[in-house]
Amino acid sequence: MKKIRIHEEYCIGCHLCEITCVVKHSPSGKIIKTFREEKENRPLPRVRVEEEGYVSFALQCRHCDDAPCVENCLTGAMYRDEKTGMVLCDEDRCMGCWMCVMSCPFGVAERSKDRTRVGSKCDGCVGKGEVPPCVENCPNEALTYE
Amino acid sequence: MNELHAPYLIIGFSVAGRWGARAIRENDPGTPIVAVSDERGWYSRPLITYVLGGKSRGVDHTGLLFDATSLAVLEGERVERLDTINRVAFLRSGKRIFFEKALLAPGGVPIVPPLEGITERGVFTFTGKGDLEKMRQFLEEVHPKRVLILGGGFIGLKTCEAFMHRGFEVTVVELSSRLLPLMLDEDGSRYLEKALVQAGVKVVLGETVVAFEGSGQKLTQALLRGGKHLPVDCAVVAVGVRPNVEWLQDSGIEIRKGIVVDEFQETSKKGIFAAGDVAETRNFLTGERNVVAIWPEAVRQGKVAGANMAGTRISYPGSLPLNVLDLGGVALVSAGLVNPPQGGGFEVLVRKEKDEYMKVVLENECIVGIIMLGRIEKSGIYIRLLRERIPVTGFKERLLDPKFGLVNLPREFRKSWVEGVGVEV
Ligand SMILES: Cc1cc2nc3c(=O)[nH]c(=O)nc-3n(C[C@H](O)[C@H](O)[C@H](O)COP(=O)(O)OP(=O)(O)OC[C@H]3O[C@@H](n4cnc5c(N)ncnc54)[C@H](O)[C@@H]3O)c2cc1C
């Protein structure tokens with residue numbers, strides 16, 4: 001299975017991955033509309049840039065082998081996709097027990113803005129192109145897909 | 001057919017039983033498994049409060065489904081007795097199952113205190129989907145308005161949240177001087193209490209119910225120990241669960257607080273394992289033996305039991321009490337030792353804000369406990385630091401920072417944490 005790899009030595013902290021991610025998952029899919037008009041229902045980024053001093057890197061779901069978010073999910077919303085091997089979330093099944101938030105060893109599962117379901121689960125942009133858009137739009141190859 | 005042969009027998013087929021079956025399958029693909037469950041279908045026990053509250057449509061769990069060719073599930077069947085010498089399970093239906101190895105995963109049963117009027121119509125325990133059905137029917141027929149929850153632990157408060165969400169008048173009666181006494185500390189309990197009171201819940205602390213009174217057909221009031229009467233139409237008794245072990249009394253299996261197991265989840269009888277809410281295990285932090293009746297531990301114990309049953313030696317690192325709740329709009333996480341004993345050499349870091357509370361308990365520079373209330377994001381990182389006993393020297397002063405993340409860990413930890421899962425940071 002191909003995965004998004006993170007290279008902190010190349011990250012310039014520009015947050016373009018976050019912007020791209022929000023746009024890709026927004027109702028319109030268009031950057032200006034997303035940020036000007038869709039303030040209410042604009043999704044959270046599913047990749048986050050962590051920064052401290054001169055160090056920065058983009059972090060998203062690592063699709064763990066023994067994923068604790070899947071094991072501890074009270075509904076079965078969090079599951080491993082047999083075809084791609086990715087950990088995905090069926091948001092219709094999620095009812096906000098926050099087990100994944102507590103269980104994620106990378107701290108990347110966050111509550112959605114309206115606090116009704118998990119809102120930051122990377123879906124690998126399944127069906128949104130060969131290479132995930134956050135990787136494609138990274139100007140310095142701080143995210144790669146291999 | 002009244003006699004069955006089971007190389008692997010699983011008794012109770014819920015969280016621990018299913019993870020056990022899965023681990024057996026992974027380590028021994030071919031050998032048949034027989035599972036016995038006295039409930040029907042696979043559902044998530046915690047979901048009953050979400051269904052009651054209208055947040056979830058049903059109780060079914062959509063994960064952990066099994067390929068029926070490798071597994072026979074006897075549903076609606078109850079094991080009444082276990083003969084550990086001849087290795088036979090006797091079912092209520094008269095069936096007998098001769099087994100080689102067994103996993104006992106029968107969970108817990110609600111504690112029902114011997115209170116006067118406990119059998120009154122309108123008094124419930126609330127731990128299974130049968131209870132949910134009864135409650136729904138009662139709500140439809142009787143249209144109660146005032147609900148009393150006896151017990152301010154996590155099951156009681158989750159049930160409280162459900163009733164609150166649907167607009168009932170709810171009173172929580174808790175014997176301790178504060179809510180969630182095991183999961184929170186004094187300050188945390190006060191934050192939660194404030195939020196619940198603001199959301200309209202009546203909280204009565206340091207009190208308990210001594211009798212439920214009714215007209216024979218209908219609950220009308222509860223008598224508190226202090227002598228006060230509370231008018232109520234419906235009551236949920238949530239004073240705890242205990243291991244479901246009555247049926248094992250003459251099995252010869254060692255039982256103390258629960259079924260005693262070693263680090264392989266094996267009981268005192270060789271080849272017979274136990275996992276989940278029924279098992280007494282060693283606490284990861286303190287070494288004390290206890291029953292830690294939570295979902296994540298049922299998973300981990302089930303996995304360890306299953307692997308060992310199938311001949312792969314792996315051991316359980318010990319149980320870690322942890323939970324996450326969302327009550328009255330306040331989310332909170334609690335893990336490990338949150339009320340360290342005085343003078344035990346613990347260091348406590350605290351951050352208090354209007355709607356946020358955070359506490360980190362350290363021992364020898366390692367996290368041993370955490371409370372996060374109001375903001376729970378990234379709690380998983382702290383819990384991982386705790387589980388892996390990683391010293392926080394060098395980034396201790398960043399622990400309470402709302403922006404704390406992987407980036408604050410020393411580079412070598414970042415690297416080793418994420419290696420093998422595709423991160424190179
Ligand atoms: C209302 C509620 C909310 C909860 N919320 C949370 C939460 O938010 N977070 C959390 O971590 N945990 C929560 N829990 C606890 C969690 O549900 C349990 O820890 C978990 O279900 C334990 O799994 P288990 O497999 O050990 O037992 P159980 O899920 O209890 O399953 C045991 C099964 O065995 C069957 N059985 C018992 N005896 C026999 C027999 N003799 N023969 C055949 N079958 C038998 C039972 O009918 C049952 O189906 C909650 C529990 C309740 C009741």
# chains A, B, ... in the order shown; residues from 1 in each chain; ligands from 1
>>> select_by_dssp(residues="region 238-394 of chain B", states="strand (DSSP E)", output="number ranges by chain")
B: 241-243, 259-260, 272-274, 279-282, 289-290, 322-327, 330-336, 346-352, 357-363, 366-373
>>> write_last_selection(atoms="N, CA and C atoms", output="short mmCIF file (atom, residue, chain, number, x, y, z; two decimals), in the first residue's frame")
data_model
loop_
_atom_site.label_atom_id
_atom_site.label_comp_id
_atom_site.auth_asym_id
_atom_site.auth_seq_id
_atom_site.Cartn_x
_atom_site.Cartn_y
_atom_site.Cartn_z
N VAL B 241 -21.08 -2.15 37.64
CA VAL B 241 -21.25 -3.51 37.11
C VAL B 241 -20.25 -4.42 37.82
N ARG B 242 -20.58 -5.69 37.87
CA ARG B 242 -19.64 -6.64 38.48
C ARG B 242 -19.49 -7.82 37.52
N PRO B 243 -18.36 -8.53 37.64
CA PRO B 243 -18.12 -9.64 36.72
C PRO B 243 -19.23 -10.69 36.79
N ILE B 259 -12.47 -13.08 37.36
CA ILE B 259 -11.72 -14.30 37.07
C ILE B 259 -10.24 -13.94 37.03
N VAL B 260 -9.46 -14.59 37.87
CA VAL B 260 -8.04 -14.29 37.96
C VAL B 260 -7.31 -14.83 36.74
N ILE B 272 -7.87 -22.68 29.73
CA ILE B 272 -9.09 -21.88 29.85
C ILE B 272 -8.67 -20.43 30.12
N PHE B 273 -9.11 -19.55 29.25
CA PHE B 273 -8.69 -18.15 29.27
C PHE B 273 -9.90 -17.26 29.60
N ALA B 274 -9.63 -16.04 30.01
CA ALA B 274 -10.73 -15.10 30.27
C ALA B 274 -10.30 -13.71 29.83
N ALA B 279 -12.68 -10.21 33.72
CA ALA B 279 -11.34 -10.63 34.13
C ALA B 279 -10.69 -9.70 35.13
N GLU B 280 -10.00 -10.29 36.09
CA GLU B 280 -9.19 -9.51 37.03
C GLU B 280 -7.75 -9.54 36.54
N THR B 281 -7.23 -8.35 36.22
CA THR B 281 -5.88 -8.27 35.66
C THR B 281 -5.02 -7.36 36.52
N ARG B 282 -3.77 -7.25 36.14
CA ARG B 282 -2.84 -6.40 36.86
C ARG B 282 -2.88 -5.00 36.27
N ARG B 289 -4.21 -5.67 41.44
CA ARG B 289 -5.09 -6.53 40.63
C ARG B 289 -6.52 -6.00 40.72
N ASN B 290 -7.13 -5.86 39.55
CA ASN B 290 -8.46 -5.28 39.52
C ASN B 290 -9.20 -5.64 38.24
N LEU B 322 -9.06 4.10 31.37
CA LEU B 322 -9.15 5.33 30.60
C LEU B 322 -10.54 5.43 29.98
N ASN B 323 -10.98 6.64 29.75
CA ASN B 323 -12.29 6.81 29.14
C ASN B 323 -12.44 8.22 28.60
N VAL B 324 -13.41 8.36 27.73
CA VAL B 324 -13.73 9.68 27.18
C VAL B 324 -15.24 9.83 27.20
N LEU B 325 -15.71 10.99 27.63
CA LEU B 325 -17.15 11.21 27.74
C LEU B 325 -17.49 12.59 27.19
N ASP B 326 -18.75 12.77 26.85
CA ASP B 326 -19.23 14.06 26.39
C ASP B 326 -20.54 14.31 27.13
N LEU B 327 -20.50 15.18 28.11
CA LEU B 327 -21.64 15.37 29.00
C LEU B 327 -22.01 16.84 29.07
N VAL B 330 -19.71 19.13 27.43
CA VAL B 330 -18.31 19.15 27.86
C VAL B 330 -17.68 17.78 27.59
N ALA B 331 -16.62 17.79 26.79
CA ALA B 331 -15.92 16.54 26.53
C ALA B 331 -14.80 16.39 27.54
N LEU B 332 -14.57 15.17 27.97
CA LEU B 332 -13.47 14.97 28.91
C LEU B 332 -12.81 13.61 28.72
N VAL B 333 -11.50 13.61 28.92
CA VAL B 333 -10.71 12.39 28.83
C VAL B 333 -10.03 12.19 30.17
N SER B 334 -9.98 10.94 30.61
CA SER B 334 -9.26 10.62 31.83
C SER B 334 -8.49 9.33 31.60
N ALA B 335 -7.23 9.30 32.03
CA ALA B 335 -6.45 8.07 31.87
C ALA B 335 -5.47 7.93 33.02
N GLY B 336 -5.33 6.70 33.47
CA GLY B 336 -4.32 6.39 34.47
C GLY B 336 -4.64 6.91 35.86
N PHE B 346 4.90 12.29 43.49
CA PHE B 346 4.32 12.62 42.19
C PHE B 346 4.44 14.12 41.94
N GLU B 347 4.57 14.48 40.68
CA GLU B 347 4.56 15.88 40.29
C GLU B 347 3.28 16.12 39.51
N VAL B 348 2.60 17.22 39.83
CA VAL B 348 1.32 17.47 39.19
C VAL B 348 1.35 18.80 38.46
N LEU B 349 1.03 18.78 37.17
CA LEU B 349 0.95 20.01 36.37
C LEU B 349 -0.51 20.29 36.09
N VAL B 350 -0.92 21.55 36.26
CA VAL B 350 -2.33 21.89 36.11
C VAL B 350 -2.50 23.16 35.29
N ARG B 351 -3.48 23.18 34.42
CA ARG B 351 -3.85 24.42 33.72
C ARG B 351 -5.37 24.58 33.84
N LYS B 352 -5.77 25.73 34.38
CA LYS B 352 -7.20 25.96 34.56
C LYS B 352 -7.63 27.17 33.76
N TYR B 357 -9.94 22.46 31.59
CA TYR B 357 -9.14 22.03 32.71
C TYR B 357 -8.21 20.93 32.22
N MET B 358 -6.96 21.03 32.64
CA MET B 358 -6.03 19.99 32.24
C MET B 358 -5.09 19.68 33.39
N LYS B 359 -4.85 18.39 33.58
CA LYS B 359 -3.96 17.96 34.66
C LYS B 359 -3.09 16.82 34.14
N VAL B 360 -1.81 16.93 34.41
CA VAL B 360 -0.90 15.86 34.05
C VAL B 360 -0.19 15.40 35.32
N VAL B 361 -0.22 14.12 35.60
CA VAL B 361 0.46 13.58 36.78
C VAL B 361 1.73 12.86 36.32
N LEU B 362 2.84 13.23 36.93
CA LEU B 362 4.13 12.63 36.55
C LEU B 362 4.74 11.87 37.73
N GLU B 363 5.43 10.81 37.40
CA GLU B 363 6.20 10.08 38.40
C GLU B 363 7.53 9.72 37.75
N CYS B 366 7.85 10.52 34.13
CA CYS B 366 6.98 9.88 33.15
C CYS B 366 5.52 10.20 33.48
N ILE B 367 4.70 10.34 32.43
CA ILE B 367 3.28 10.59 32.65
C ILE B 367 2.63 9.33 33.21
N VAL B 368 1.89 9.48 34.31
CA VAL B 368 1.15 8.33 34.84
C VAL B 368 -0.35 8.61 34.89
N GLY B 369 -0.73 9.86 34.65
CA GLY B 369 -2.16 10.16 34.65
C GLY B 369 -2.45 11.45 33.92
N ILE B 370 -3.64 11.53 33.37
CA ILE B 370 -4.02 12.76 32.67
C ILE B 370 -5.53 12.98 32.72
N ILE B 371 -5.89 14.24 32.91
CA ILE B 371 -7.29 14.65 32.75
C ILE B 371 -7.28 15.78 31.74
N MET B 372 -8.14 15.69 30.74
CA MET B 372 -8.36 16.81 29.83
C MET B 372 -9.85 17.06 29.78
N LEU B 373 -10.25 18.25 30.07
CA LEU B 373 -11.68 18.55 30.12
C LEU B 373 -11.93 19.83 29.32
#
>>> residues_around(residues="Leu143 (chain A)", least_positions_apart="2", cutoff="8 Å", atoms="only C-alpha atoms", output="PyMOL selection string")
chain A and resi 4-7+58+134-135+138+140-141+145
>>> closest_residue(among="B:Lys415, B:Arg190, B:His5, B:Lys378", to="chain A", atoms="only C-alpha atoms")
B:Lys378
>>> residues_near_ligand(ligand="ligand 1", cutoff="7 Å", atoms="only C-alpha atoms and all ligand atoms", output="JSON, numbers by chain")
{"A": [97], "B": [11, 12, 13, 14, 15, 16, 17, 36, 37, 38, 39, 44, 45, 46, 47, 48, 49, 77, 78, 79, 80, 105, 106, 107, 108, 126, 127, 128, 155, 158, 159, 244, 247, 275, 276, 277, 278, 293, 294, 295, 296, 298, 323, 324, 325]}
>>> write_last_selection(atoms="C-alpha atoms", output="PDB file, in the first residue's frame")
ATOM      1  CA  CYS A  97     -18.087   9.119  21.204  1.00  0.00           C
TER       2      CYS A  97
ATOM      3  CA  ILE B  11     -18.466 -18.103  25.859  1.00  0.00           C
ATOM      4  CA  GLY B  12     -19.926 -14.625  25.401  1.00  0.00           C
ATOM      5  CA  PHE B  13     -19.488 -13.162  21.939  1.00  0.00           C
ATOM      6  CA  SER B  14     -19.179  -9.439  22.352  1.00  0.00           C
ATOM      7  CA  VAL B  15     -16.086  -7.219  22.442  1.00  0.00           C
ATOM      8  CA  ALA B  16     -13.644  -9.557  24.188  1.00  0.00           C
ATOM      9  CA  GLY B  17     -15.100 -12.708  22.588  1.00  0.00           C
ATOM     10  CA  VAL B  36     -22.025 -19.234  22.477  1.00  0.00           C
ATOM     11  CA  SER B  37     -23.938 -16.041  23.115  1.00  0.00           C
ATOM     12  CA  ASP B  38     -27.105 -15.582  25.102  1.00  0.00           C
ATOM     13  CA  GLU B  39     -27.848 -12.394  23.216  1.00  0.00           C
ATOM     14  CA  SER B  44     -22.404  -2.229  20.950  1.00  0.00           C
ATOM     15  CA  ARG B  45     -23.414  -1.977  24.579  1.00  0.00           C
ATOM     16  CA  PRO B  46     -22.363   1.690  24.932  1.00  0.00           C
ATOM     17  CA  LEU B  47     -24.618   2.600  22.014  1.00  0.00           C
ATOM     18  CA  ILE B  48     -27.762   2.075  24.058  1.00  0.00           C
ATOM     19  CA  THR B  49     -27.425   5.493  25.685  1.00  0.00           C
ATOM     20  CA  GLU B  77     -27.926 -20.053  24.117  1.00  0.00           C
ATOM     21  CA  ARG B  78     -26.614 -19.797  27.627  1.00  0.00           C
ATOM     22  CA  VAL B  79     -23.809 -21.781  29.248  1.00  0.00           C
ATOM     23  CA  GLU B  80     -25.027 -22.728  32.706  1.00  0.00           C
ATOM     24  CA  ALA B 105     -15.892 -13.567  27.915  1.00  0.00           C
ATOM     25  CA  PRO B 106     -19.288 -13.228  29.595  1.00  0.00           C
ATOM     26  CA  GLY B 107     -18.832  -9.585  30.560  1.00  0.00           C
ATOM     27  CA  GLY B 108     -20.441  -7.997  33.584  1.00  0.00           C
ATOM     28  CA  PHE B 126     -29.423   0.137  31.849  1.00  0.00           C
ATOM     29  CA  THR B 127     -26.611  -1.960  30.423  1.00  0.00           C
ATOM     30  CA  GLY B 128     -27.936  -3.988  27.516  1.00  0.00           C
ATOM     31  CA  ILE B 155     -22.618   4.732  32.852  1.00  0.00           C
ATOM     32  CA  LYS B 158     -23.999   8.751  29.972  1.00  0.00           C
ATOM     33  CA  THR B 159     -27.578   7.721  30.691  1.00  0.00           C
ATOM     34  CA  ASN B 244     -20.617 -12.197  35.504  1.00  0.00           C
ATOM     35  CA  TRP B 247     -22.336 -19.693  36.686  1.00  0.00           C
ATOM     36  CA  ALA B 275     -10.952 -11.554  28.930  1.00  0.00           C
ATOM     37  CA  GLY B 276     -12.958  -8.360  29.174  1.00  0.00           C
ATOM     38  CA  ASP B 277     -15.278  -7.122  31.908  1.00  0.00           C
ATOM     39  CA  VAL B 278     -15.104 -10.492  33.660  1.00  0.00           C
ATOM     40  CA  ALA B 293     -14.374  -2.858  32.722  1.00  0.00           C
ATOM     41  CA  ILE B 294     -13.907  -0.731  29.619  1.00  0.00           C
ATOM     42  CA  TRP B 295     -14.069  -1.362  25.900  1.00  0.00           C
ATOM     43  CA  PRO B 296     -10.390  -0.796  25.004  1.00  0.00           C
ATOM     44  CA  ALA B 298     -11.770  -5.873  26.454  1.00  0.00           C
ATOM     45  CA  ASN B 323     -12.289   6.814  29.143  1.00  0.00           C
ATOM     46  CA  VAL B 324     -13.730   9.677  27.185  1.00  0.00           C
ATOM     47  CA  LEU B 325     -17.152  11.213  27.736  1.00  0.00           C
TER      48      LEU B 325
END
>>> closest_residue(among="A:His15, A:Arg93, A:Arg117, A:Arg80", to="Ser56 (chain A)", atoms="only C-alpha atoms")
A:His15
>>> closest_residue(among="A:Met95, A:Val131, A:Cys21, A:Cys104", to="Asp66 (chain A)", atoms="only C-alpha atoms")
A:Cys104
>>> closest_atom_pairs(of="chain A", to="chain B", cutoff="7 Å", atoms="only C-alpha atoms", output="tab-separated table")
residue	atom	partner	partner_atom	distance
A:Lys3	CA	B:Gly422	CA	6.3
A:Ile4	CA	B:Gly422	CA	6.7
A:Arg5	CA	B:Val423	CA	5.1
A:Ile6	CA	B:Val423	CA	5.1
A:His7	CA	B:Val425	CA	4.9
A:Glu8	CA	B:Val425	CA	4.7
A:Glu50	CA	B:Val407	CA	6.0
A:Glu51	CA	B:Val407	CA	6.4
A:Glu52	CA	B:Val407	CA	6.5
A:Phe57	CA	B:Val425	CA	7.0
A:Arg62	CA	B:Val421	CA	6.1
A:Cys64	CA	B:Val421	CA	6.3
A:Glu71	CA	B:Val299	CA	6.8
A:Asn72	CA	B:Pro296	CA	5.5
A:Leu74	CA	B:Ser44	CA	6.4
A:Thr75	CA	B:His61	CA	4.9
A:Gly76	CA	B:Gly63	CA	4.4
A:Tyr79	CA	B:Gly63	CA	6.9
A:Met95	CA	B:Lys55	CA	6.4
A:Cys97	CA	B:Leu325	CA	6.9
A:Trp98	CA	B:Val324	CA	6.5
A:Met99	CA	B:Val324	CA	6.4
A:Val101	CA	B:Glu377	CA	6.3
A:Met102	CA	B:Gly380	CA	4.6
A:Ser103	CA	B:Gly380	CA	4.9
A:Cys104	CA	B:Gly380	CA	4.8
A:Pro105	CA	B:Gly380	CA	4.8
A:Phe106	CA	B:Ile381	CA	5.7
A:Gly107	CA	B:Lys378	CA	4.0
A:Val108	CA	B:Lys378	CA	6.8
A:Glu110	CA	B:Glu377	CA	5.8
>>> residues_around(residues="Val236 (chain B)", least_positions_apart="5", cutoff="6 Å", atoms="only C-alpha atoms", output="ChimeraX atom specification")
/B:123-125,149
>>> residues_around(residues="His143 (chain B)", least_positions_apart="6", cutoff="12 Å", atoms="only C-alpha atoms", output="list of chain:residue names")
B:Gly122, B:Met135, B:Arg136, B:Gln137, B:Phe168, B:Lys218, B:Val232, B:Asp233, B:Cys234
>>> residues_around(residues="Asp123 (chain A)", least_positions_apart="5", cutoff="9 Å", atoms="only C-alpha atoms", output="list of chain:residue names")
A:Arg46, A:Cys61, A:Met86, A:Val87, A:Leu88, A:Cys89
>>> write_last_selection(atoms="N, CA and C atoms", output="PDB file, in the first residue's frame")
ATOM      1  N   ARG A  46      -7.684  17.854   7.147  1.00  0.00           N
ATOM      2  CA  ARG A  46      -7.403  16.501   7.623  1.00  0.00           C
ATOM      3  C   ARG A  46      -5.905  16.253   7.672  1.00  0.00           C
ATOM      4  N   CYS A  61      -3.374  11.200   9.375  1.00  0.00           N
ATOM      5  CA  CYS A  61      -3.561   9.804   9.797  1.00  0.00           C
ATOM      6  C   CYS A  61      -2.474   8.915   9.218  1.00  0.00           C
ATOM      7  N   MET A  86      -6.371   1.287   3.814  1.00  0.00           N
ATOM      8  CA  MET A  86      -6.441   2.534   4.570  1.00  0.00           C
ATOM      9  C   MET A  86      -7.470   2.462   5.690  1.00  0.00           C
ATOM     10  N   VAL A  87      -7.225   3.242   6.736  1.00  0.00           N
ATOM     11  CA  VAL A  87      -8.219   3.380   7.796  1.00  0.00           C
ATOM     12  C   VAL A  87      -9.151   4.514   7.382  1.00  0.00           C
ATOM     13  N   LEU A  88     -10.437   4.217   7.276  1.00  0.00           N
ATOM     14  CA  LEU A  88     -11.400   5.220   6.832  1.00  0.00           C
ATOM     15  C   LEU A  88     -12.494   5.393   7.877  1.00  0.00           C
ATOM     16  N   CYS A  89     -13.233   6.481   7.744  1.00  0.00           N
ATOM     17  CA  CYS A  89     -14.330   6.707   8.677  1.00  0.00           C
ATOM     18  C   CYS A  89     -15.630   6.885   7.908  1.00  0.00           C
TER      19      CYS A  89
END
>>> closest_residue(among="A:Lys83, A:Pro43, A:Val126, A:Lys30", to="Glu18 (chain A)", atoms="only C-alpha atoms")
A:Pro43
>>> residues_around(residues="Lys270 (chain B)", least_positions_apart="4", cutoff="10 Å", atoms="only C-alpha atoms", output="MDAnalysis selection string")
chainID B and resid 84 101:102 253 266
>>> atom_distance(atom1="CA of Leu74 (chain B)", atom2="CA of Met309 (chain B)")
20.4 Å
>>> residues_around(residues="Leu175 (chain B)", least_positions_apart="3", cutoff="6 Å", atoms="only C-alpha atoms", output="list of chain:residue names")
B:Leu205, B:Gly206, B:Glu207, B:Thr208
>>> write_last_selection(atoms="N, CA, C and O atoms", output="short mmCIF file (atom, residue, chain, number, x, y, z; two decimals), in the first residue's frame")
data_model
loop_
_atom_site.label_atom_id
_atom_site.label_comp_id
_atom_site.auth_asym_id
_atom_site.auth_seq_id
_atom_site.Cartn_x
_atom_site.Cartn_y
_atom_site.Cartn_z
N LEU B 205 -25.28 15.39 45.73
CA LEU B 205 -24.06 14.66 46.09
C LEU B 205 -24.09 14.22 47.55
O LEU B 205 -24.85 14.76 48.35
N GLY B 206 -23.27 13.24 47.87
CA GLY B 206 -23.21 12.74 49.23
C GLY B 206 -24.53 12.14 49.69
O GLY B 206 -24.85 12.13 50.88
N GLU B 207 -25.28 11.66 48.74
CA GLU B 207 -26.61 11.13 49.05
C GLU B 207 -26.83 9.81 48.32
O GLU B 207 -26.15 9.49 47.36
N THR B 208 -27.83 9.07 48.80
CA THR B 208 -28.21 7.88 48.06
C THR B 208 -29.70 7.61 48.29
O THR B 208 -30.31 8.20 49.17
#
>>> select_by_dssp(residues="region 377-424 of chain B", states="helix (DSSP H, G or I)", output="PDB file with C-alpha atoms, in the first residue's frame")
ATOM      1  CA  SER B 379      -5.118  13.368  24.324  1.00  0.00           C
ATOM      2  CA  GLY B 380      -3.956  10.246  22.479  1.00  0.00           C
ATOM      3  CA  ILE B 381      -0.387  11.549  22.429  1.00  0.00           C
ATOM      4  CA  TYR B 382      -0.246  11.851  26.219  1.00  0.00           C
ATOM      5  CA  ILE B 383      -1.723   8.394  26.599  1.00  0.00           C
ATOM      6  CA  ARG B 384       0.908   7.010  24.274  1.00  0.00           C
ATOM      7  CA  LEU B 385       3.662   8.705  26.276  1.00  0.00           C
ATOM      8  CA  LEU B 386       2.147   7.097  29.358  1.00  0.00           C
ATOM      9  CA  ARG B 387       1.892   3.609  27.832  1.00  0.00           C
ATOM     10  CA  LYS B 396       7.805  18.972  30.319  1.00  0.00           C
ATOM     11  CA  GLU B 397       7.114  22.701  30.239  1.00  0.00           C
ATOM     12  CA  ARG B 398       5.260  22.251  26.938  1.00  0.00           C
ATOM     13  CA  LEU B 406       4.506  15.500  18.104  1.00  0.00           C
ATOM     14  CA  VAL B 407       6.721  18.413  17.147  1.00  0.00           C
ATOM     15  CA  ASN B 408       7.557  18.969  20.816  1.00  0.00           C
ATOM     16  CA  ARG B 411      13.576  14.178  17.259  1.00  0.00           C
ATOM     17  CA  GLU B 412      14.648  10.601  17.989  1.00  0.00           C
ATOM     18  CA  PHE B 413      11.241   9.870  19.534  1.00  0.00           C
ATOM     19  CA  ARG B 414       9.370  11.407  16.635  1.00  0.00           C
ATOM     20  CA  LYS B 415      11.356   9.200  14.316  1.00  0.00           C
ATOM     21  CA  SER B 416      10.992   5.979  16.242  1.00  0.00           C
ATOM     22  CA  TRP B 417       7.317   6.591  16.973  1.00  0.00           C
ATOM     23  CA  VAL B 418       6.417   6.941  13.398  1.00  0.00           C
TER      24      VAL B 418
END
>>> atom_distance(atom1="CA of Leu65 (chain B)", atom2="CA of Asn27 (chain B)")
17.4 Å
>>> decode(residues="region 45-55 of chain A", atoms="N, CA, C and O atoms", output="JSON list (two decimals), in the first residue's frame")
[["chain", "number", "residue", "atom", "x", "y", "z"],
["A", 45, "PRO", "N", -9.23, 20.89, 8.20],
["A", 45, "PRO", "CA", -8.20, 20.19, 7.43],
["A", 45, "PRO", "C", -7.94, 18.82, 8.02],
["A", 45, "PRO", "O", -8.00, 18.64, 9.23],
["A", 46, "ARG", "N", -7.68, 17.85, 7.15],
["A", 46, "ARG", "CA", -7.40, 16.50, 7.62],
["A", 46, "ARG", "C", -5.91, 16.25, 7.67],
["A", 46, "ARG", "O", -5.45, 15.14, 7.87],
["A", 47, "VAL", "N", -5.15, 17.30, 7.44],
["A", 47, "VAL", "CA", -3.70, 17.27, 7.62],
["A", 47, "VAL", "C", -3.39, 18.54, 8.39],
["A", 47, "VAL", "O", -4.02, 19.58, 8.16],
["A", 48, "ARG", "N", -2.47, 18.45, 9.34],
["A", 48, "ARG", "CA", -2.14, 19.60, 10.17],
["A", 48, "ARG", "C", -0.65, 19.85, 10.15],
["A", 48, "ARG", "O", 0.13, 18.92, 10.29],
["A", 49, "VAL", "N", -0.28, 21.11, 10.02],
["A", 49, "VAL", "CA", 1.14, 21.44, 10.11],
["A", 49, "VAL", "C", 1.46, 21.68, 11.58],
["A", 49, "VAL", "O", 0.82, 22.49, 12.24],
["A", 50, "GLU", "N", 2.41, 20.96, 12.09],
["A", 50, "GLU", "CA", 2.89, 21.19, 13.45],
["A", 50, "GLU", "C", 4.16, 22.02, 13.36],
["A", 50, "GLU", "O", 5.04, 21.75, 12.54],
["A", 51, "GLU", "N", 4.25, 23.03, 14.20],
["A", 51, "GLU", "CA", 5.38, 23.95, 14.13],
["A", 51, "GLU", "C", 5.92, 24.24, 15.51],
["A", 51, "GLU", "O", 5.15, 24.39, 16.46],
["A", 52, "GLU", "N", 7.23, 24.35, 15.60],
["A", 52, "GLU", "CA", 7.88, 24.76, 16.84],
["A", 52, "GLU", "C", 9.23, 25.33, 16.43],
["A", 52, "GLU", "O", 10.07, 24.61, 15.90],
["A", 53, "GLY", "N", 9.39, 26.60, 16.62],
["A", 53, "GLY", "CA", 10.64, 27.24, 16.20],
["A", 53, "GLY", "C", 10.84, 27.06, 14.70],
["A", 53, "GLY", "O", 9.95, 27.36, 13.91],
["A", 54, "TYR", "N", 11.98, 26.51, 14.32],
["A", 54, "TYR", "CA", 12.28, 26.35, 12.90],
["A", 54, "TYR", "C", 11.83, 24.98, 12.38],
["A", 54, "TYR", "O", 12.04, 24.66, 11.22],
["A", 55, "VAL", "N", 11.27, 24.18, 13.24],
["A", 55, "VAL", "CA", 10.86, 22.84, 12.80],
["A", 55, "VAL", "C", 9.39, 22.85, 12.42],
["A", 55, "VAL", "O", 8.56, 23.40, 13.14]]
